[in-house]
Each structure stands twice: as C-alpha cells, then as structure tokens.
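Trainee: Pasting a structure below so you can have a look.
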Amino acid sequence: MYDKGFVSIIAIAFVGLMGLGGCSDPTNIQIDKPSAMKTSNPSKSSLEKNTPFTIKIDRVVQQMQVIDPNGAEVIKTPIGIGRGGLKSKRDMMDYVTPTGEFVVDLILYQQESFNRVSPQLHDRYLNSEFRELFAKPQGLKELFHNMNSLDFDGNRTPDRSYGIAYIGLNATSTNSVVTGPKMRYASWQGGENTPYWFSIALHGTPEEKTDIGAANSGGCIHVPQQVLKKLVEEGIVKIGTPVIISDSE
C-alpha cells in the first residue's frame, strides 16, 4: 500500500503504538500463564495424510484451540486480541480482531525452510512491484526480516513486533471482512519505503507477559512463542488451514 499524506503516515505509526509494535527481544520470552496451556502430540497419520487441522479462536475468553481431523483438541492456549473490543471489524485501522471464517495464506518463520505463501498471492505479487520478494528463494526470509525490523513506536530501534512467526489470514469467500491490503510499504519514521506484509494474522509478540490474555494488539492475534513453534515446526498449520474466530455466548 502506498501511504499518501501526513494523516495516513501518522495513523499508521499510531497503530504500532496501540499494539502492533514491540520493543524487546522475543528470543527470551516466558509464557505468563503456563497453567492455561494444554498441548498434546498431533496424530502422525493426520500429518502424513495432510489432513487439515482447525484453529478456533474465542475473542471473549481470549483463547485458542487447535482441533485435529478427528475432533480432538491438541492445543488450548490463552491468546491476545485487538484493543478495539468485541465489535464488527470495519477496516484495518480500527484495532478490532474480526470474527468469521478464514484460511491461512502466508507462513513466515524464524527458520526460512518453513516459509510459505498461497499460490494465488505468489502469482499476484510476481506481477507487481514486489516481484523480487516472491521470485527469489530468499524473498520470504527478507520479507519477515523487514517486518521485524520496523520501528512502529519511533524509538529508532527495531520493534521485533512479530516474534518468531507470522501466520497471515484471509477471509473465505463467504466472509467479506477486511483482512489486508497484504503487501505494502512502510514509509514512516525512517521506514524508507520498506516492503512488508500487513494483514490480520496470528503472530508472536516480544511482550508476552502483557499481551497474552489481553486486548493489546492492533487487530491481530498474539500467540505464545512455544505454541507458534509447535504449530509451524510440527506441520499443524499449512497454507489453507481453516481458522474460525468467534465470540462465546
């Protein structure tokens, strides 16, 4: 996205201050509520057959479940949501975590061998000004580096806002909720037109003690580091994995 005008620049910088950014090294994160986390090993046959798991997120109790193809819960963990409250999402600047049905369309991880992007988005950006990031083998690694190098809070230090992983979401065809623009440029506070990905996502945070189990994000879902590690490295999350975000009654 090309930001035009002083108002847009200030608005985007403010998003970082309101919860998208961070200011500490995510490699030393400790999960604040370990007693609320449950994990078990997913079925080997499910992983081998590429059968999809389902991720369910409840905004009210700020909790995420991962359900295997047989209906068994393999992960249950507290998460963080957007500071915009339990509202309907209108645009990317309202700080609201949307509800509805989504699918994973991007996986960025600290180990580049796990990086993936949906074929549709790959083809779209091969024919855009961002083509180099999608044409070369190291492109997605460079993209994730760009994202964790951004200085949302303006303190002249990379915020490392996304921790070890960023799992981008796209609304399904039956859900018109905005989830992007996806690729755009950072052009504020010394961003120097850095290309990065901007969408609703599951991602890490360098401030787990304050962000997990709270409503501090700009609309994305904060997930504990050790859960992200399990999701990505064990192949639970793939391109096309369904994600359902709802409010418990």
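How things are named: the first chain in the structure tokens is A, the next is B, and so on; residues count from 1 in each chain; ligands count from 1 in the order shown.
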If we count only C-alpha atoms, what is near region 245-249 of chain A at a cut-off of 8 Å, once residues fewer than 5 positions away on the same chain are taken out, given as a PyMOL selection string?

Mentor: chain A and resi 56-61+98-102

Trainee: Which of these, A:Arg83, A:Lys238, A:Arg160, A:Lys136, has the shortest distance to His122 (chain A) once you count only C-alpha atoms?

Mentor: A:Lys136

Trainee: Go through region 22-139 of chain A residue by residue and, counting only C-alpha atoms, keep those with an atom at most 12 Å from region 179-186 of chain A; for each kept residue give the shortest atom pair and its distance in Å to one decimal, ordered by chain and increasing number, as JSON lines.

Mentor:
{"residue": "A:Lys89", "atom": "CA", "partner": "A:Thr179", "partner_atom": "CA", "distance": 9.3}
{"residue": "A:Arg90", "atom": "CA", "partner": "A:Thr179", "partner_atom": "CA", "distance": 10.0}
{"residue": "A:Asp91", "atom": "CA", "partner": "A:Thr179", "partner_atom": "CA", "distance": 8.2}
{"residue": "A:Met92", "atom": "CA", "partner": "A:Gly180", "partner_atom": "CA", "distance": 6.9}
{"residue": "A:Met93", "atom": "CA", "partner": "A:Gly180", "partner_atom": "CA", "distance": 10.4}
{"residue": "A:Asp94", "atom": "CA", "partner": "A:Thr179", "partner_atom": "CA", "distance": 11.9}
{"residue": "A:Tyr95", "atom": "CA", "partner": "A:Thr179", "partner_atom": "CA", "distance": 11.8}
{"residue": "A:Val96", "atom": "CA", "partner": "A:Thr179", "partner_atom": "CA", "distance": 10.8}
{"residue": "A:Thr97", "atom": "CA", "partner": "A:Thr179", "partner_atom": "CA", "distance": 9.6}
{"residue": "A:Pro98", "atom": "CA", "partner": "A:Thr179", "partner_atom": "CA", "distance": 8.2}
{"residue": "A:Thr99", "atom": "CA", "partner": "A:Thr179", "partner_atom": "CA", "distance": 10.7}
{"residue": "A:Gly100", "atom": "CA", "partner": "A:Thr179", "partner_atom": "CA", "distance": 10.9}
{"residue": "A:Glu101", "atom": "CA", "partner": "A:Thr179", "partner_atom": "CA", "distance": 11.3}
{"residue": "A:Phe102", "atom": "CA", "partner": "A:Thr179", "partner_atom": "CA", "distance": 9.2}
{"residue": "A:Val103", "atom": "CA", "partner": "A:Thr179", "partner_atom": "CA", "distance": 10.8}
{"residue": "A:Val104", "atom": "CA", "partner": "A:Thr179", "partner_atom": "CA", "distance": 11.2}
{"residue": "A:Asp105", "atom": "CA", "partner": "A:Lys182", "partner_atom": "CA", "distance": 10.1}
{"residue": "A:Leu106", "atom": "CA", "partner": "A:Lys182", "partner_atom": "CA", "distance": 9.8}
{"residue": "A:Val117", "atom": "CA", "partner": "A:Lys182", "partner_atom": "CA", "distance": 11.5}
{"residue": "A:Leu121", "atom": "CA", "partner": "A:Lys182", "partner_atom": "CA", "distance": 9.2}
{"residue": "A:His122", "atom": "CA", "partner": "A:Met183", "partner_atom": "CA", "distance": 11.1}
{"residue": "A:Arg124", "atom": "CA", "partner": "A:Met183", "partner_atom": "CA", "distance": 10.4}
{"residue": "A:Tyr125", "atom": "CA", "partner": "A:Met183", "partner_atom": "CA", "distance": 8.3}
{"residue": "A:Leu126", "atom": "CA", "partner": "A:Met183", "partner_atom": "CA", "distance": 11.8}
{"residue": "A:Ser128", "atom": "CA", "partner": "A:Met183", "partner_atom": "CA", "distance": 10.0}
{"residue": "A:Glu129", "atom": "CA", "partner": "A:Arg184", "partner_atom": "CA", "distance": 9.9}
{"residue": "A:Phe130", "atom": "CA", "partner": "A:Met183", "partner_atom": "CA", "distance": 7.8}
{"residue": "A:Arg131", "atom": "CA", "partner": "A:Met183", "partner_atom": "CA", "distance": 10.8}
{"residue": "A:Leu133", "atom": "CA", "partner": "A:Met183", "partner_atom": "CA", "distance": 10.4}
{"residue": "A:Phe134", "atom": "CA", "partner": "A:Met183", "partner_atom": "CA", "distance": 11.1}

Trainee: Pick the closest to His145 (chain A) from A:Gln225, A:Gln111, A:Ser118, A:Gln62: which is it, counting only C-alpha atoms?

Mentor: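 Among the listed residues, A:Gln111 lies closest to His145 (chain A).
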
Trainee: Between CA of Met64 (chain A) and CA of Val223 (chain A), what is the distance, to one decimal in Å?

Mentor: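 We find that CA of Met64 (chain A) and CA of Val223 (chain A) lie 8.6 Å from each other.
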
Trainee: Grab the CA of Ile81 (chain A) to CA of Ala214 (chain A) distance for me, in Å with one decimal place.

Mentor: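 The value is 6.5 Å.
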
Trainee: Between A:Leu169, A:Ile75, A:Leu140, A:Ile107, which residue has the minimum interatomic distance to Ile244 (chain A), considering only C-alpha atoms?

Mentor: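 Closest candidate: A:Leu169.
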
Trainee: DSSP on the backbone: which residues in region 163-214 of chain A end up as strand (DSSP E)? Give the answer as a PyMOL selection string.

Mentor: chain A and resi 165-171+182-186+194-198+201-203

Trainee: Write the residues of the selection above to a file with C-alpha atoms, as a tab-separated table (two decimals), in the first residue's frame.

Mentor:
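So result-v5.tsv came out as:
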chain	number	residue	atom	x	y	z
A	165	ALA	CA	6.35	-16.38	13.37
A	166	TYR	CA	3.67	-14.61	11.38
A	167	ILE	CA	0.70	-16.62	10.07
A	168	GLY	CA	-1.35	-14.47	7.72
A	169	LEU	CA	-5.11	-14.91	7.35
A	170	ASN	CA	-7.52	-14.30	4.51
A	171	ALA	CA	-11.32	-14.21	4.77
A	182	LYS	CA	-1.32	-7.62	2.35
A	183	MET	CA	1.84	-6.23	0.68
A	184	ARG	CA	2.56	-2.55	1.12
A	185	TYR	CA	5.34	-0.11	2.00
A	186	ALA	CA	6.41	1.30	5.35
A	194	THR	CA	10.40	-0.88	3.20
A	195	PRO	CA	8.09	-3.55	1.72
A	196	TYR	CA	6.26	-5.59	4.32
A	197	TRP	CA	3.08	-7.64	4.85
A	198	PHE	CA	0.10	-6.01	6.56
A	201	ALA	CA	-2.57	-12.67	11.40
A	202	LEU	CA	-1.60	-14.97	14.21
A	203	HIS	CA	1.83	-13.86	15.32

Trainee: If we count only C-alpha atoms and set the cut-off at 12 Å, which residues sit around Ile236 (chain A), ignoring sequence neighbours fewer than 3 positions away in its own chain? Please answer as a ChimeraX atom specification.

Mentor: /A:40-44,46-55,66-69,74-75,104,107,114,167,227-233,239-242

Trainee: Could you pull the residues within 7 Å of Gly213 (chain A), counting only C-alpha atoms, minus those fewer than 5 positions along the same chain, as a PyMOL selection string?

Mentor: chain A and resi 62+78-80

Trainee: State, in Å with one decimal place, the distance from CA of Ala215 (chain A) to CA of Gly82 (chain A).

Mentor: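 Atom-to-atom, CA of Ala215 (chain A) to CA of Gly82 (chain A), that is 5.1 Å.
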
Trainee: Using only C-alpha atoms, which of the listed residues (A:Ser88, A:Asn148, A:Gln120, A:Thr77) sits closest to Val178 (chain A)?

Mentor: A:Ser88
